[in-house]
$ cat model.pdb   # PDB, C-alpha atoms
ATOM      1  CA  MET A1477       0.857  99.670  94.324
ATOM      2  CA  TRP A1478      -2.281 100.322  92.304
ATOM      3  CA  LYS A1479      -5.639  98.834  91.454
ATOM      4  CA  LYS A1480      -7.269  98.921  88.017
ATOM      5  CA  GLU A1481     -10.964  98.354  87.419
ATOM      6  CA  LYS A1482     -13.495  98.969  84.695
ATOM      7  CA  SER A1483     -15.320 102.258  85.164
ATOM      8  CA  PRO A1484     -18.896 102.013  86.486
ATOM      9  CA  GLN A1485     -20.179 103.270  83.109
ATOM     10  CA  GLY A1486     -18.148 100.628  81.267
ATOM     11  CA  ASP A1487     -16.537 103.267  79.067
ATOM     12  CA  GLY A1488     -12.947 103.018  80.278
ATOM     13  CA  TYR A1489     -10.857 102.257  83.325
ATOM     14  CA  GLU A1490     -10.162 103.725  86.733
ATOM     15  CA  VAL A1491      -6.792 103.325  88.393
ATOM     16  CA  ASN A1492      -6.465 103.966  92.116
ATOM     17  CA  LEU A1493      -2.967 104.458  93.526
ATOM     18  CA  ASN A1494      -1.993 103.714  97.126
ATOM     19  CA  ASN A1495      -1.553 107.427  97.849
ATOM     20  CA  GLY A1496      -5.255 108.000  97.038
ATOM     21  CA  THR A1497      -4.719 109.374  93.540
ATOM     22  CA  GLU A1498      -7.436 108.347  91.091
ATOM     23  CA  LEU A1499      -6.873 108.282  87.335
ATOM     24  CA  CYS A1500      -9.620 107.683  84.771
ATOM     25  CA  PHE A1501      -8.947 106.572  81.204
ATOM     26  CA  ASN A1502     -11.277 106.255  78.230
ATOM     27  CA  VAL A1503     -11.486 103.083  76.124
ATOM     28  CA  ASN A1504      -8.611 104.373  73.947
ATOM     29  CA  GLY A1505      -6.307 104.636  76.963
ATOM     30  CA  ASN A1506      -6.281 108.451  77.112
ATOM     31  CA  TRP A1507      -6.672 109.968  80.554
ATOM     32  CA  TYR A1508      -9.599 112.299  81.115
ATOM     33  CA  MET A1509      -9.478 112.786  84.889
ATOM     34  CA  ILE A1510      -6.724 112.816  87.483
ATOM     35  CA  ASP A1511      -7.640 113.455  91.107
ATOM     36  CA  CYS A1512      -4.702 113.666  93.505
ATOM     37  CA  LYS A1513      -7.033 114.432  96.446
ATOM     38  CA  SER A1514      -4.817 116.506  98.749
ATOM     39  CA  ASN A1515      -1.566 115.940  96.830
ATOM     40  CA  ALA A1516      -0.406 118.293  94.094
ATOM     41  CA  LEU A1517      -0.756 117.465  90.403
ATOM     42  CA  PRO A1518       2.437 117.801  88.376
ATOM     43  CA  ASP A1519       2.498 121.193  86.604
ATOM     44  CA  SER A1520       3.178 119.361  83.333
ATOM     45  CA  LEU A1521      -0.467 118.165  83.287
ATOM     46  CA  VAL A1522      -1.841 121.718  83.344
ATOM     47  CA  PRO A1523      -1.984 123.755  80.102
ATOM     48  CA  MET A1524       0.688 126.486  80.156
ATOM     49  CA  LYS A1525      -1.742 129.431  79.839
ATOM     50  CA  ALA A1526      -3.899 127.983  82.630
ATOM     51  CA  LEU A1527      -0.803 127.521  84.769
ATOM     52  CA  ASP A1528       0.116 131.195  84.332
ATOM     53  CA  VAL A1529      -3.400 132.434  85.174
ATOM     54  CA  ILE A1530      -3.693 130.291  88.277
ATOM     55  CA  ASP A1531      -0.182 131.134  89.504
ATOM     56  CA  ARG A1532      -0.993 134.859  89.256
ATOM     57  CA  ARG A1533      -4.395 134.635  90.962
ATOM     58  CA  PHE A1534      -3.781 131.927  93.569
ATOM     59  CA  THR A1535      -0.122 131.979  94.573
ATOM     60  CA  ASN A1536      -0.433 129.495  97.451
ATOM     61  CA  ALA A1537      -2.867 127.022  95.885
ATOM     62  CA  GLN A1538      -1.889 123.677  94.388
ATOM     63  CA  PHE A1539      -3.567 121.821  91.533
ATOM     64  CA  VAL A1540      -5.270 118.738  92.962
ATOM     65  CA  LYS A1541      -7.628 117.626  90.172
ATOM     66  CA  ILE A1542      -7.950 118.044  86.423
ATOM     67  CA  VAL A1543     -10.811 116.917  84.212
ATOM     68  CA  LYS A1544     -10.625 117.074  80.422
ATOM     69  CA  THR A1545     -13.869 118.091  78.738
ATOM     70  CA  ASN A1546     -14.898 118.640  75.119
ATOM     71  CA  GLN A1547     -14.685 122.375  75.802
ATOM     72  CA  GLY A1548     -11.231 122.292  77.476
ATOM     73  CA  CYS A1549     -10.547 121.361  81.093
ATOM     74  CA  ASP A1550     -11.654 121.981  84.652
ATOM     75  CA  ILE A1551      -8.953 122.379  87.298
ATOM     76  CA  VAL A1552      -9.635 122.097  91.009
ATOM     77  CA  LEU A1553      -7.285 123.889  93.395
ATOM     78  CA  SER A1554      -6.373 122.933  96.955
ATOM     79  CA  ASN A1555      -8.365 125.938  98.219
ATOM     80  CA  GLY A1556     -11.552 124.525  96.632
ATOM     81  CA  VAL A1557     -11.641 126.927  93.676
ATOM     82  CA  ILE A1558     -12.638 125.365  90.345
ATOM     83  CA  MET A1559     -11.232 127.025  87.231
ATOM     84  CA  LYS A1560     -12.609 126.267  83.746
ATOM     85  CA  PHE A1561     -10.416 126.682  80.669
ATOM     86  CA  ASP A1562     -11.216 126.358  76.993
ATOM     87  CA  THR A1563      -9.177 124.294  74.536
ATOM     88  CA  LYS A1564      -6.793 127.252  74.008
ATOM     89  CA  GLY A1565      -6.068 127.531  77.732
ATOM     90  CA  GLU A1566      -8.122 130.696  78.179
ATOM     91  CA  VAL A1567     -10.421 131.136  81.187
ATOM     92  CA  ALA A1568     -13.882 129.979  80.144
TER      93      ALA A1568
END

$ encode --input "model.pdb" --output "structure tokens"
Amino acid sequence: MWKKEKSPQGDGYEVNLNNGTELCFNVNGNWYMIDCKSNALPDSLVPMKALDVIDRRFTNAQFVKIVKTNQGCDIVLSNGVIMKFDTKGEVA
């Protein structure tokens, strides 16, 4: 089950799943934020280079949130660490 509503800024949509996951989409339907809260994000959502860096540095952490930015993406780990990556997947 899920609930869809217009974002507070009126620039897209938020979808809230029953498991607490929140997805945000822009007006073109492209996602820009996925927050799984305490659940793990699928690895397929994380850029490959970022996945490699995080796996080497934080072996026991899971990806719980990803935010796309103009400069790349921010990834939040289950241990609270926030990693910033540029558009090429390099640590920013």

$ resolve_selection --input "model.pdb" --expression "the PyMOL selection byres ((chain A and resi 1556-1566) around 9)" --output "short mmCIF file (atom, residue, chain, number, x, y, z; two decimals) with C-alpha atoms, keeping the file's coordinate frame"
data_model
loop_
_atom_site.label_atom_id
_atom_site.label_comp_id
_atom_site.auth_asym_id
_atom_site.auth_seq_id
_atom_site.Cartn_x
_atom_site.Cartn_y
_atom_site.Cartn_z
CA PRO A 1523 -1.98 123.76 80.10
CA MET A 1524 0.69 126.49 80.16
CA LYS A 1525 -1.74 129.43 79.84
CA ALA A 1526 -3.90 127.98 82.63
CA LEU A 1527 -0.80 127.52 84.77
CA VAL A 1529 -3.40 132.43 85.17
CA ILE A 1530 -3.69 130.29 88.28
CA THR A 1545 -13.87 118.09 78.74
CA ASN A 1546 -14.90 118.64 75.12
CA GLN A 1547 -14.68 122.38 75.80
CA GLY A 1548 -11.23 122.29 77.48
CA CYS A 1549 -10.55 121.36 81.09
CA ASP A 1550 -11.65 121.98 84.65
CA ILE A 1551 -8.95 122.38 87.30
CA VAL A 1552 -9.64 122.10 91.01
CA LEU A 1553 -7.28 123.89 93.40
CA SER A 1554 -6.37 122.93 96.96
CA ASN A 1555 -8.36 125.94 98.22
CA VAL A 1567 -10.42 131.14 81.19
CA ALA A 1568 -13.88 129.98 80.14
#

$ residues_near_point --input "model.pdb" --point "(-5.3, 119.9, 88.2)" --cutoff "6 Å" --atoms "all atoms listed in the file" --output "list of chain:residue names"
A:Leu1517, A:Phe1539, A:Val1540, A:Lys1541, A:Ile1542, A:Ile1551, A:Val1552

$ atom_distance --input "model.pdb" --atom1 "CA of Asn1495 (chain A)" --atom2 "CA of Met1509 (chain A)"
16.1 Å

$ atom_distance --input "model.pdb" --atom1 "CA of Ala1516 (chain A)" --atom2 "CA of Glu1498 (chain A)"
12.5 Å

$ resolve_selection --input "model.pdb" --expression "the PyMOL selection byres ((chain A and resi 1501) around 10)" --output "number ranges by chain"
A: 1482-1483, 1487-1491, 1499-1500, 1502-1510

$ write_last_selection --input "model.pdb" --atoms "C-alpha atoms" --output "mmCIF file, keeping the file's coordinate frame"
data_model
loop_
_atom_site.group_PDB
_atom_site.id
_atom_site.type_symbol
_atom_site.label_atom_id
_atom_site.label_comp_id
_atom_site.auth_asym_id
_atom_site.auth_seq_id
_atom_site.Cartn_x
_atom_site.Cartn_y
_atom_site.Cartn_z
ATOM 1 C CA LYS A 1482 -13.495 98.969 84.695
ATOM 2 C CA SER A 1483 -15.320 102.258 85.164
ATOM 3 C CA ASP A 1487 -16.537 103.267 79.067
ATOM 4 C CA GLY A 1488 -12.947 103.018 80.278
ATOM 5 C CA TYR A 1489 -10.857 102.257 83.325
ATOM 6 C CA GLU A 1490 -10.162 103.725 86.733
ATOM 7 C CA VAL A 1491 -6.792 103.325 88.393
ATOM 8 C CA LEU A 1499 -6.873 108.282 87.335
ATOM 9 C CA CYS A 1500 -9.620 107.683 84.771
ATOM 10 C CA ASN A 1502 -11.277 106.255 78.230
ATOM 11 C CA VAL A 1503 -11.486 103.083 76.124
ATOM 12 C CA ASN A 1504 -8.611 104.373 73.947
ATOM 13 C CA GLY A 1505 -6.307 104.636 76.963
ATOM 14 C CA ASN A 1506 -6.281 108.451 77.112
ATOM 15 C CA TRP A 1507 -6.672 109.968 80.554
ATOM 16 C CA TYR A 1508 -9.599 112.299 81.115
ATOM 17 C CA MET A 1509 -9.478 112.786 84.889
ATOM 18 C CA ILE A 1510 -6.724 112.816 87.483
#

$ atom_distance --input "model.pdb" --atom1 "CA of Ala1537 (chain A)" --atom2 "CA of Cys1512 (chain A)"
13.7 Å

$ decode --input "model.pdb" --residues "region 1533-1545 of chain A" --atoms "N, CA, C and O atoms" --output "short mmCIF file (atom, residue, chain, number, x, y, z; two decimals), in the first residue's frame"
data_model
loop_
_atom_site.label_atom_id
_atom_site.label_comp_id
_atom_site.auth_asym_id
_atom_site.auth_seq_id
_atom_site.Cartn_x
_atom_site.Cartn_y
_atom_site.Cartn_z
N ARG A 1533 35.06 1.18 3.01
CA ARG A 1533 35.21 1.98 4.24
C ARG A 1533 34.26 1.58 5.37
O ARG A 1533 34.59 1.73 6.54
N PHE A 1534 33.07 1.14 5.02
CA PHE A 1534 32.03 0.86 6.01
C PHE A 1534 31.40 -0.51 5.72
O PHE A 1534 30.27 -0.59 5.22
N THR A 1535 32.11 -1.56 6.07
CA THR A 1535 31.69 -2.91 5.69
C THR A 1535 30.35 -3.33 6.27
O THR A 1535 29.63 -4.11 5.66
N ASN A 1536 29.97 -2.84 7.43
CA ASN A 1536 28.73 -3.28 8.06
C ASN A 1536 27.57 -2.30 7.90
O ASN A 1536 26.48 -2.54 8.42
N ALA A 1537 27.78 -1.20 7.22
CA ALA A 1537 26.73 -0.20 7.06
C ALA A 1537 25.87 -0.49 5.83
O ALA A 1537 26.34 -1.04 4.84
N GLN A 1538 24.61 -0.12 5.93
CA GLN A 1538 23.68 -0.23 4.81
C GLN A 1538 23.36 1.17 4.30
O GLN A 1538 23.45 2.15 5.02
N PHE A 1539 22.95 1.24 3.03
CA PHE A 1539 22.49 2.50 2.45
C PHE A 1539 21.03 2.66 2.85
O PHE A 1539 20.22 1.77 2.60
N VAL A 1540 20.69 3.79 3.47
CA VAL A 1540 19.29 3.98 3.87
C VAL A 1540 18.63 5.17 3.18
O VAL A 1540 17.40 5.27 3.16
N LYS A 1541 19.44 6.07 2.60
CA LYS A 1541 18.86 7.24 1.93
C LYS A 1541 19.80 7.71 0.83
O LYS A 1541 21.01 7.68 1.00
N ILE A 1542 19.21 8.13 -0.28
CA ILE A 1542 19.99 8.72 -1.36
C ILE A 1542 19.25 9.95 -1.87
O ILE A 1542 18.02 9.94 -2.01
N VAL A 1543 20.01 11.01 -2.09
CA VAL A 1543 19.46 12.26 -2.60
C VAL A 1543 20.28 12.68 -3.81
O VAL A 1543 21.50 12.85 -3.70
N LYS A 1544 19.63 12.82 -4.96
CA LYS A 1544 20.32 13.32 -6.15
C LYS A 1544 20.42 14.83 -6.05
O LYS A 1544 19.47 15.50 -5.67
N THR A 1545 21.59 15.35 -6.39
CA THR A 1545 21.81 16.80 -6.43
C THR A 1545 22.37 17.16 -7.79
O THR A 1545 22.73 16.28 -8.58
#
